[in-house]
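Have a look at the structure below, then the notes.
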Amino acid sequence: MLKVPQYVDKIAPYVPGKPIEELERELGISRSVKLASNENPLGPSPLALEEIVKHTSELHRYPDGAAYALRSALAQMHGVDIEEIIIGQGSNELIDIAIRAFQQPGDETIMGSPSFVVYYISSAKAGGVPIQVPLTKDYRLDLNGMADKITDKTKIICISNPNNPTGTIVTKDELREFFKWLPDNILTIMDEAYYEYAAGVETYPDSMEHFRDGRDILILRTFSKAYGLAGLRIGYGIANKTITGAMNKIREPFNTSTLAQKAAIAALKDTAHVRRTIEINAQGKEYLYKELTALGIDFLPSHTNFIYMDLKKNAMEIYNRLLKLGMIIRPMGLADTTTIRVTIGLPPENEEFIRTLKEVL
């Protein structure tokens, strides 16, 4: 009988949020609301949609395997060389590629806990040793704690900033201090999937500062969140040519589609859509803060498009009861935990969440 390697067998697979269509089919309901996967409630950029329609007749052709036009646009946007840009199927794939490129079996990858689960999965499935460091008392990544875990086997440190699922940030001063003592032979993955939501915060770091200083850093951004292109699976990384060169040796050929590349280029130009997204998110956040406070529910102030909250009751039970009312949210952790993560939606969606939450509580 075929034997699954132990390091693969012990991995808990990633569990995505329940699709709306599946929920409605299972429960025989309609008009459900999904606030589980931190998607843009405004939808994709109109300019991106126009580009998708324009290029559908080209689907019999392979996409640009080097994503030259998109990389050129991003290189110009960030003031870097085109060879310092790498494109992936969302930032997810780029995390996986980077870990496979720079972590050998037995090597260690350090990450926060709780944080984005893909760091753990990617490290473990490559035969590495994921090292999880608990968050601080105020639910932020503990960079000092990560430093304490560095050994001669440490190859990568993953920093989700803002952190998923808590929505908290590492500050610019903390990141500068971190790079003062970090050994030169360790890759830092700066996962900035929610960058657009946090960029206006005064204490939020400019990770490009450390790229320009010559650090071995991989800065990850995505088109899945503020740009509203989650269904196309496209993201990008910025790093020096040694890092991107190694990653390109592992990257699958034609790993992003023609439509994804074209839509991403158009979305970069649609600054009005991103601005409106940030405005709607800020308004929704203010409303939910007020309502959650009135309900006496503990929550973390968020620098993202989601809110992490503690219901002080079994989260899976609340999740299942909300599901039956057509409300999809994200329970966090194991079955006995009390925390959930809720995406900030459009005003009617936020109001419906509060209404159904009151009902099940």
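Going by the structure tokens order, chains are called A, B, ..., each with residues numbered from 1, while ligands are numbered from 1 in the order shown.
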
As a ChimeraX atom specification, please: all residues of stretch 22-122 of chain A that backbone DSSP puts in helix (DSSP H, G or I).
-> /A:22-27,46-54,56-58,68-78,82-84,90-102,117-122

Contact residues around A:Leu295 with only C-alpha atoms at 12 Å, ignoring same-chain residues under 5 positions, as an mmCIF file with N, CA, C and O atoms, in the first residue's frame:
```
data_model
loop_
_atom_site.group_PDB
_atom_site.id
_atom_site.type_symbol
_atom_site.label_atom_id
_atom_site.label_comp_id
_atom_site.auth_asym_id
_atom_site.auth_seq_id
_atom_site.Cartn_x
_atom_site.Cartn_y
_atom_site.Cartn_z
ATOM 1 N N LEU A 288 -19.802 48.801 12.408
ATOM 2 C CA LEU A 288 -19.674 47.544 13.135
ATOM 3 C C LEU A 288 -19.051 47.745 14.509
ATOM 4 O O LEU A 288 -19.470 47.100 15.488
ATOM 5 N N TYR A 289 -18.071 48.630 14.611
ATOM 6 C CA TYR A 289 -17.501 48.945 15.925
ATOM 7 C C TYR A 289 -18.593 49.397 16.887
ATOM 8 O O TYR A 289 -18.677 48.938 18.035
ATOM 9 N N LYS A 290 -19.439 50.300 16.404
ATOM 10 C CA LYS A 290 -20.499 50.852 17.260
ATOM 11 C C LYS A 290 -21.480 49.765 17.686
ATOM 12 O O LYS A 290 -21.839 49.668 18.868
ATOM 13 N N MET A 309 -13.262 38.997 16.412
ATOM 14 C CA MET A 309 -14.049 39.245 17.622
ATOM 15 C C MET A 309 -14.202 37.986 18.457
ATOM 16 O O MET A 309 -14.099 36.865 17.954
ATOM 17 N N ASP A 310 -14.428 38.184 19.751
ATOM 18 C CA ASP A 310 -14.596 37.083 20.695
ATOM 19 C C ASP A 310 -16.028 37.104 21.220
ATOM 20 O O ASP A 310 -16.433 38.037 21.924
ATOM 21 N N LEU A 311 -16.788 36.056 20.882
ATOM 22 C CA LEU A 311 -18.194 35.993 21.259
ATOM 23 C C LEU A 311 -18.400 35.434 22.666
ATOM 24 O O LEU A 311 -19.516 35.435 23.182
ATOM 25 N N ILE A 354 -25.361 42.094 11.773
ATOM 26 C CA ILE A 354 -25.701 42.480 13.145
ATOM 27 C C ILE A 354 -27.083 41.940 13.525
ATOM 28 O O ILE A 354 -27.287 41.428 14.640
ATOM 29 N N ARG A 355 -28.029 42.007 12.606
ATOM 30 C CA ARG A 355 -29.371 41.516 12.903
ATOM 31 C C ARG A 355 -29.357 40.015 13.197
ATOM 32 O O ARG A 355 -29.943 39.555 14.182
ATOM 33 N N LEU A 357 -26.767 38.164 14.029
ATOM 34 C CA LEU A 357 -25.949 37.898 15.215
ATOM 35 C C LEU A 357 -26.760 38.107 16.482
ATOM 36 O O LEU A 357 -26.699 37.286 17.415
ATOM 37 N N LYS A 358 -27.519 39.176 16.514
ATOM 38 C CA LYS A 358 -28.402 39.402 17.666
ATOM 39 C C LYS A 358 -29.377 38.247 17.839
ATOM 40 O O LYS A 358 -29.644 37.797 18.963
ATOM 41 N N GLU A 359 -29.890 37.760 16.730
ATOM 42 C CA GLU A 359 -30.877 36.671 16.792
ATOM 43 C C GLU A 359 -30.268 35.389 17.372
ATOM 44 O O GLU A 359 -30.869 34.737 18.235
ATOM 45 N N LEU A 361 -27.566 35.101 19.194
ATOM 46 C CA LEU A 361 -27.029 35.278 20.558
ATOM 47 C C LEU A 361 -28.131 35.362 21.593
ATOM 48 O O LEU A 361 -27.852 35.290 22.784
#
```

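Closest approach to A:Pro205 from the set A:Ile52, A:Leu182, A:Met190, A:Ile20 is made by A:Met190, with distances taken over only C-alpha atoms.
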
Sorted by chain and rising residue number, which residues of stretch 6-119 of chain A lie within 12 Å of stretch 164-167 of chain A, and what are their closest atom pairs and distances in Å to one decimal, counting only C-alpha atoms, as a tab-separated table?
```
residue	atom	partner	partner_atom	distance
A:Ala36	CA	A:Pro165	CA	11.1
A:Ser37	CA	A:Pro165	CA	10.6
A:Asn38	CA	A:Asn164	CA	10.0
A:Met111	CA	A:Asn164	CA	11.8
A:Gly112	CA	A:Asn164	CA	9.9
A:Ser113	CA	A:Pro165	CA	9.6
A:Pro114	CA	A:Pro165	CA	7.0
A:Ser115	CA	A:Asn164	CA	5.3
A:Phe116	CA	A:Asn164	CA	5.5
A:Val117	CA	A:Asn164	CA	8.9
A:Val118	CA	A:Asn164	CA	10.8
A:Tyr119	CA	A:Asn164	CA	11.5
```

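You will find atom CA of A:Asp184 at 21.8 Å from atom CA of A:Asn248.
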
Would you mind listing what lies within 9 Å of A:Ala193 as a count of residues only, with only C-alpha atoms counted and same-chain residues fewer than 5 positions away left out?
-> 12

Exercise: A:Val53 partners within 12 Å, only C-alpha atoms, chain neighbours under 6 positions left out, as an mmCIF file with all heavy atoms, in the first residue's frame:
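Contents of result.cif, as written:
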```
data_model
loop_
_atom_site.group_PDB
_atom_site.id
_atom_site.type_symbol
_atom_site.label_atom_id
_atom_site.label_comp_id
_atom_site.auth_asym_id
_atom_site.auth_seq_id
_atom_site.Cartn_x
_atom_site.Cartn_y
_atom_site.Cartn_z
ATOM 1 N N PRO A 46 -14.293 48.139 -12.590
ATOM 2 C CA PRO A 46 -14.957 48.184 -13.896
ATOM 3 C C PRO A 46 -13.967 48.169 -15.054
ATOM 4 O O PRO A 46 -14.241 47.582 -16.110
ATOM 5 C CB PRO A 46 -15.743 49.495 -13.841
ATOM 6 C CG PRO A 46 -15.980 49.737 -12.382
ATOM 7 C CD PRO A 46 -14.749 49.224 -11.700
ATOM 8 N N LEU A 47 -12.840 48.813 -14.887
ATOM 9 C CA LEU A 47 -11.822 48.805 -15.948
ATOM 10 C C LEU A 47 -11.287 47.397 -16.168
ATOM 11 O O LEU A 47 -11.011 46.992 -17.310
ATOM 12 C CB LEU A 47 -10.670 49.753 -15.591
ATOM 13 C CG LEU A 47 -10.997 51.239 -15.475
ATOM 14 C CD1 LEU A 47 -9.721 52.047 -15.256
ATOM 15 C CD2 LEU A 47 -11.730 51.737 -16.718
ATOM 16 N N LEU A 59 -8.400 33.311 -25.748
ATOM 17 C CA LEU A 59 -8.220 32.231 -24.782
ATOM 18 C C LEU A 59 -7.665 30.946 -25.397
ATOM 19 O O LEU A 59 -7.316 30.020 -24.657
ATOM 20 C CB LEU A 59 -9.546 31.943 -24.066
ATOM 21 C CG LEU A 59 -10.089 33.097 -23.217
ATOM 22 C CD1 LEU A 59 -11.327 32.662 -22.455
ATOM 23 C CD2 LEU A 59 -9.032 33.622 -22.260
ATOM 24 N N THR A 258 -4.083 34.777 -19.025
ATOM 25 C CA THR A 258 -4.154 36.008 -19.822
ATOM 26 C C THR A 258 -5.142 36.994 -19.211
ATOM 27 O O THR A 258 -4.838 38.183 -19.048
ATOM 28 C CB THR A 258 -4.587 35.685 -21.261
ATOM 29 O OG1 THR A 258 -3.583 34.871 -21.878
ATOM 30 C CG2 THR A 258 -4.790 36.957 -22.073
ATOM 31 N N LEU A 259 -6.334 36.516 -18.864
ATOM 32 C CA LEU A 259 -7.357 37.413 -18.325
ATOM 33 C C LEU A 259 -6.936 38.004 -16.985
ATOM 34 O O LEU A 259 -7.203 39.178 -16.714
ATOM 35 C CB LEU A 259 -8.690 36.670 -18.187
ATOM 36 C CG LEU A 259 -9.306 36.140 -19.483
ATOM 37 C CD1 LEU A 259 -10.685 35.560 -19.218
ATOM 38 C CD2 LEU A 259 -9.386 37.236 -20.548
ATOM 39 N N ALA A 260 -6.270 37.210 -16.159
ATOM 40 C CA ALA A 260 -5.807 37.722 -14.871
ATOM 41 C C ALA A 260 -4.772 38.822 -15.063
ATOM 42 O O ALA A 260 -4.813 39.865 -14.397
ATOM 43 C CB ALA A 260 -5.228 36.580 -14.033
ATOM 44 N N LYS A 262 -4.284 40.777 -17.761
ATOM 45 C CA LYS A 262 -4.901 41.961 -18.364
ATOM 46 C C LYS A 262 -5.743 42.720 -17.340
ATOM 47 O O LYS A 262 -5.707 43.956 -17.275
ATOM 48 C CB LYS A 262 -5.757 41.563 -19.561
ATOM 49 C CG LYS A 262 -5.012 40.888 -20.705
ATOM 50 C CD LYS A 262 -4.055 41.836 -21.402
ATOM 51 C CE LYS A 262 -3.442 41.182 -22.631
ATOM 52 N NZ LYS A 262 -2.472 42.070 -23.317
ATOM 53 N N ALA A 263 -6.511 41.988 -16.546
ATOM 54 C CA ALA A 263 -7.363 42.626 -15.544
ATOM 55 C C ALA A 263 -6.531 43.329 -14.483
ATOM 56 O O ALA A 263 -6.877 44.427 -14.019
ATOM 57 C CB ALA A 263 -8.271 41.581 -14.898
#
```

Within stretch 259-338 of chain A, find each residue whose DSSP state, derived from the backbone, is strand (DSSP E or B), and express the selection as a PyMOL selection string.
-> chain A and resi 298-299+306-310+327-328+330-331

I need the chosen residues saved as a short mmCIF file (atom, residue, chain, number, x, y, z; two decimals), in the first residue's frame, with all heavy atoms.
```cif
data_model
loop_
_atom_site.label_atom_id
_atom_site.label_comp_id
_atom_site.auth_asym_id
_atom_site.auth_seq_id
_atom_site.Cartn_x
_atom_site.Cartn_y
_atom_site.Cartn_z
N ASP A 298 -16.38 41.74 22.54
CA ASP A 298 -14.98 42.15 22.44
C ASP A 298 -14.49 41.98 21.00
O ASP A 298 -14.74 40.94 20.37
CB ASP A 298 -14.11 41.31 23.36
CG ASP A 298 -14.39 41.58 24.83
OD1 ASP A 298 -14.93 42.66 25.13
OD2 ASP A 298 -14.08 40.70 25.67
N PHE A 299 -13.78 42.98 20.48
CA PHE A 299 -13.22 42.90 19.14
C PHE A 299 -11.91 43.66 19.11
O PHE A 299 -11.62 44.48 19.97
CB PHE A 299 -14.19 43.48 18.10
CG PHE A 299 -14.50 44.94 18.29
CD1 PHE A 299 -13.72 45.92 17.68
CD2 PHE A 299 -15.56 45.35 19.09
CE1 PHE A 299 -13.99 47.26 17.85
CE2 PHE A 299 -15.84 46.69 19.27
CZ PHE A 299 -15.07 47.65 18.65
N PHE A 306 -11.60 43.25 7.63
CA PHE A 306 -12.28 42.27 8.46
C PHE A 306 -12.08 42.63 9.93
O PHE A 306 -11.21 43.44 10.28
CB PHE A 306 -11.76 40.85 8.20
CG PHE A 306 -10.28 40.67 8.46
CD1 PHE A 306 -9.78 40.46 9.75
CD2 PHE A 306 -9.36 40.72 7.42
CE1 PHE A 306 -8.42 40.30 9.99
CE2 PHE A 306 -8.00 40.57 7.65
CZ PHE A 306 -7.53 40.36 8.94
N ILE A 307 -12.90 42.03 10.79
CA ILE A 307 -12.82 42.27 12.23
C ILE A 307 -12.77 40.93 12.96
O ILE A 307 -13.57 40.03 12.68
CB ILE A 307 -14.03 43.10 12.73
CG1 ILE A 307 -14.06 44.46 12.03
CG2 ILE A 307 -13.94 43.30 14.25
CD1 ILE A 307 -15.26 45.31 12.39
N TYR A 308 -11.84 40.82 13.87
CA TYR A 308 -11.65 39.63 14.70
C TYR A 308 -12.34 39.88 16.03
O TYR A 308 -12.07 40.89 16.70
CB TYR A 308 -10.15 39.40 14.90
CG TYR A 308 -9.74 38.17 15.66
CD1 TYR A 308 -9.65 36.94 15.02
CD2 TYR A 308 -9.37 38.24 17.00
CE1 TYR A 308 -9.22 35.80 15.69
CE2 TYR A 308 -8.94 37.11 17.68
CZ TYR A 308 -8.87 35.89 17.03
OH TYR A 308 -8.44 34.78 17.70
N MET A 309 -13.26 39.00 16.41
CA MET A 309 -14.05 39.24 17.62
C MET A 309 -14.20 37.99 18.46
O MET A 309 -14.10 36.86 17.95
CB MET A 309 -15.41 39.82 17.26
CG MET A 309 -16.26 38.95 16.36
SD MET A 309 -17.73 39.81 15.72
CE MET A 309 -17.02 40.83 14.42
N ASP A 310 -14.43 38.18 19.75
CA ASP A 310 -14.60 37.08 20.70
C ASP A 310 -16.03 37.10 21.22
O ASP A 310 -16.43 38.04 21.92
CB ASP A 310 -13.61 37.23 21.86
CG ASP A 310 -13.57 36.01 22.76
OD1 ASP A 310 -14.48 35.15 22.65
OD2 ASP A 310 -12.63 35.90 23.58
N MET A 327 -26.11 33.51 6.72
CA MET A 327 -24.98 34.41 7.00
C MET A 327 -23.71 33.57 7.13
O MET A 327 -23.59 32.72 8.02
CB MET A 327 -25.23 35.17 8.30
CG MET A 327 -24.11 36.11 8.71
SD MET A 327 -23.72 37.40 7.49
CE MET A 327 -25.31 38.25 7.40
N ILE A 328 -22.74 33.80 6.22
CA ILE A 328 -21.49 33.03 6.21
C ILE A 328 -20.38 33.89 6.79
O ILE A 328 -20.02 34.93 6.23
CB ILE A 328 -21.10 32.60 4.79
CG1 ILE A 328 -22.30 32.03 4.03
CG2 ILE A 328 -19.97 31.57 4.84
CD1 ILE A 328 -22.03 31.72 2.57
N ARG A 330 -16.51 33.42 9.39
CA ARG A 330 -15.37 32.50 9.52
C ARG A 330 -15.08 32.22 11.00
O ARG A 330 -14.62 33.09 11.72
CB ARG A 330 -14.14 33.14 8.88
CG ARG A 330 -12.91 32.24 8.83
CD ARG A 330 -13.00 31.23 7.73
NE ARG A 330 -11.71 30.64 7.43
CZ ARG A 330 -11.51 29.64 6.60
NH1 ARG A 330 -12.54 29.13 5.95
NH2 ARG A 330 -10.31 29.16 6.39
N PRO A 331 -15.38 30.99 11.47
CA PRO A 331 -14.96 30.63 12.83
C PRO A 331 -13.46 30.40 12.84
O PRO A 331 -12.90 29.89 11.88
CB PRO A 331 -15.73 29.33 13.10
CG PRO A 331 -15.93 28.74 11.74
CD PRO A 331 -16.05 29.89 10.77
#
```

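Using only C-alpha atoms, the contacts of A:Ala98 at a cut-off of 10 Å, with sequence neighbours closer than 2 positions omitted, comprise A:Glu93, A:Leu94, A:Ile95, A:Asp96, A:Arg100, A:Ala101, A:Phe102, A:Gln103, A:Ser122, A:Ser123, A:Ile156, A:Leu187, A:Ile189, A:Leu218, A:Ile243, A:Thr244, A:Ala246, A:Met247, A:Asn248, A:Ile250, A:Arg251.
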
Of the candidates A:Val342, A:Ile86, A:Val133, A:Val360, which shows the shortest atom-to-atom distance to A:Lys249, using only C-alpha atoms?
->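 Counting only C-alpha atoms, the residue closest to A:Lys249 is A:Ile86.
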
Interatomic distance, atom CA of A:Thr339 to atom CA of A:Leu27 (Å, one decimal) =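 Atom CA of A:Leu27 lies at a distance of 24.1 Å from atom CA of A:Thr339.
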
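Separating atom CA of A:Lys137 from atom CA of A:Asp216 is a distance of 29.1 Å.
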
Residue contacts of A:Phe179 (10 Å, only C-alpha atoms) excluding same-chain residues fewer than 3 positions away, as a list in words =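 The residues satisfying every condition are Glu174, Leu175, Arg176, Leu182, Pro183, Asp184, Thr188, His210 and Arg215 of chain A.
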
Store the residues picked out above in a file with all heavy atoms, as a PDB file, in the first residue's frame.
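And here is the file that came out, result-v7.pdb:
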```pdb
ATOM      1  N   GLU A 174       9.133  49.035  15.037  1.00  0.00           N
ATOM      2  CA  GLU A 174       9.377  47.632  15.386  1.00  0.00           C
ATOM      3  C   GLU A 174      10.070  46.903  14.239  1.00  0.00           C
ATOM      4  O   GLU A 174      10.986  46.094  14.464  1.00  0.00           O
ATOM      5  CB  GLU A 174       8.056  46.948  15.736  1.00  0.00           C
ATOM      6  CG  GLU A 174       7.458  47.420  17.050  1.00  0.00           C
ATOM      7  CD  GLU A 174       6.030  46.954  17.255  1.00  0.00           C
ATOM      8  OE1 GLU A 174       5.341  46.654  16.253  1.00  0.00           O
ATOM      9  OE2 GLU A 174       5.591  46.888  18.423  1.00  0.00           O
ATOM     10  N   LEU A 175       9.668  47.186  13.018  1.00  0.00           N
ATOM     11  CA  LEU A 175      10.276  46.503  11.878  1.00  0.00           C
ATOM     12  C   LEU A 175      11.721  46.959  11.675  1.00  0.00           C
ATOM     13  O   LEU A 175      12.599  46.150  11.357  1.00  0.00           O
ATOM     14  CB  LEU A 175       9.449  46.756  10.616  1.00  0.00           C
ATOM     15  CG  LEU A 175       9.791  45.856   9.425  1.00  0.00           C
ATOM     16  CD1 LEU A 175       9.543  44.391   9.758  1.00  0.00           C
ATOM     17  CD2 LEU A 175       8.987  46.261   8.189  1.00  0.00           C
ATOM     18  N   ARG A 176      11.979  48.246  11.878  1.00  0.00           N
ATOM     19  CA  ARG A 176      13.361  48.735  11.772  1.00  0.00           C
ATOM     20  C   ARG A 176      14.253  48.064  12.806  1.00  0.00           C
ATOM     21  O   ARG A 176      15.384  47.662  12.510  1.00  0.00           O
ATOM     22  CB  ARG A 176      13.386  50.251  11.948  1.00  0.00           C
ATOM     23  CG  ARG A 176      12.889  51.032  10.744  1.00  0.00           C
ATOM     24  CD  ARG A 176      12.709  52.495  11.060  1.00  0.00           C
ATOM     25  NE  ARG A 176      12.200  53.234   9.902  1.00  0.00           N
ATOM     26  CZ  ARG A 176      11.585  54.404   9.978  1.00  0.00           C
ATOM     27  NH1 ARG A 176      11.419  54.993  11.160  1.00  0.00           N
ATOM     28  NH2 ARG A 176      11.152  54.997   8.877  1.00  0.00           N
ATOM     29  N   LEU A 182      18.450  41.016  12.742  1.00  0.00           N
ATOM     30  CA  LEU A 182      18.183  39.809  11.961  1.00  0.00           C
ATOM     31  C   LEU A 182      19.429  39.378  11.189  1.00  0.00           C
ATOM     32  O   LEU A 182      20.028  40.180  10.472  1.00  0.00           O
ATOM     33  CB  LEU A 182      17.038  40.065  10.974  1.00  0.00           C
ATOM     34  CG  LEU A 182      16.605  38.832  10.165  1.00  0.00           C
ATOM     35  CD1 LEU A 182      15.887  37.834  11.056  1.00  0.00           C
ATOM     36  CD2 LEU A 182      15.713  39.250   8.996  1.00  0.00           C
ATOM     37  N   PRO A 183      19.847  38.111  11.302  1.00  0.00           N
ATOM     38  CA  PRO A 183      20.998  37.623  10.526  1.00  0.00           C
ATOM     39  C   PRO A 183      20.774  37.770   9.023  1.00  0.00           C
ATOM     40  O   PRO A 183      19.644  37.707   8.535  1.00  0.00           O
ATOM     41  CB  PRO A 183      21.078  36.145  10.934  1.00  0.00           C
ATOM     42  CG  PRO A 183      20.421  36.077  12.271  1.00  0.00           C
ATOM     43  CD  PRO A 183      19.327  37.109  12.237  1.00  0.00           C
ATOM     44  N   ASP A 184      21.864  37.954   8.298  1.00  0.00           N
ATOM     45  CA  ASP A 184      21.769  38.208   6.859  1.00  0.00           C
ATOM     46  C   ASP A 184      21.346  36.987   6.046  1.00  0.00           C
ATOM     47  O   ASP A 184      20.954  37.120   4.892  1.00  0.00           O
ATOM     48  CB  ASP A 184      23.115  38.704   6.325  1.00  0.00           C
ATOM     49  CG  ASP A 184      23.437  40.109   6.813  1.00  0.00           C
ATOM     50  OD1 ASP A 184      22.484  40.854   7.127  1.00  0.00           O
ATOM     51  OD2 ASP A 184      24.623  40.457   6.882  1.00  0.00           O
ATOM     52  N   THR A 188      13.144  37.199   4.855  1.00  0.00           N
ATOM     53  CA  THR A 188      11.930  37.711   5.490  1.00  0.00           C
ATOM     54  C   THR A 188      10.844  37.853   4.435  1.00  0.00           C
ATOM     55  O   THR A 188      11.008  38.568   3.452  1.00  0.00           O
ATOM     56  CB  THR A 188      12.175  39.080   6.141  1.00  0.00           C
ATOM     57  OG1 THR A 188      13.217  38.966   7.111  1.00  0.00           O
ATOM     58  CG2 THR A 188      10.906  39.578   6.834  1.00  0.00           C
ATOM     59  N   HIS A 210      13.249  48.788   3.427  1.00  0.00           N
ATOM     60  CA  HIS A 210      14.191  47.711   3.753  1.00  0.00           C
ATOM     61  C   HIS A 210      14.642  46.977   2.491  1.00  0.00           C
ATOM     62  O   HIS A 210      15.770  46.476   2.431  1.00  0.00           O
ATOM     63  CB  HIS A 210      13.546  46.762   4.764  1.00  0.00           C
ATOM     64  CG  HIS A 210      13.050  47.484   5.981  1.00  0.00           C
ATOM     65  ND1 HIS A 210      13.904  47.997   6.937  1.00  0.00           N
ATOM     66  CD2 HIS A 210      11.788  47.832   6.359  1.00  0.00           C
ATOM     67  CE1 HIS A 210      13.191  48.612   7.875  1.00  0.00           C
ATOM     68  NE2 HIS A 210      11.911  48.530   7.550  1.00  0.00           N
ATOM     69  N   ARG A 215      18.133  44.450   2.110  1.00  0.00           N
ATOM     70  CA  ARG A 215      17.774  43.287   2.918  1.00  0.00           C
ATOM     71  C   ARG A 215      17.251  42.161   2.023  1.00  0.00           C
ATOM     72  O   ARG A 215      16.703  42.408   0.945  1.00  0.00           O
ATOM     73  CB  ARG A 215      16.680  43.647   3.927  1.00  0.00           C
ATOM     74  CG  ARG A 215      17.016  44.744   4.909  1.00  0.00           C
ATOM     75  CD  ARG A 215      18.162  44.442   5.847  1.00  0.00           C
ATOM     76  NE  ARG A 215      18.141  43.094   6.409  1.00  0.00           N
ATOM     77  CZ  ARG A 215      18.842  42.742   7.488  1.00  0.00           C
ATOM     78  NH1 ARG A 215      19.587  43.634   8.130  1.00  0.00           N
ATOM     79  NH2 ARG A 215      18.795  41.511   7.935  1.00  0.00           N
TER      80      ARG A 215
END
```

Near-A:His303 list (12 Å; only C-alpha atoms; drop same-chain fewer than 5 positions) as a VMD selection string = chain A and resid 140 161 to 171 192 to 204 278 281 to 282 285 308 344

For A:Val274, which of A:Ser32, A:Thr304, A:Thr337, A:Ser45 is the closest residue, counting only C-alpha atoms?
->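 Of all the options, A:Ser45 lies closest to A:Val274.
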
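You can rank A:Ile329, A:Ile265, A:Ile85, A:Ile159 by their closest distance to A:Glu349 using only C-alpha atoms, and at the top of that list sits A:Ile329.
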
Minimum-distance residue to A:Gly106, chosen among A:Asn240, A:Thr154, A:Asn144, A:Thr277 (using only C-alpha atoms) =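 The shortest atom-to-atom distance to A:Gly106 comes from A:Thr154.
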
The residue from A:Ala126, A:Ala239, A:Pro105, A:Asn305 with the smallest atom-to-atom distance to A:Val80, counting only C-alpha atoms, is A:Ala239
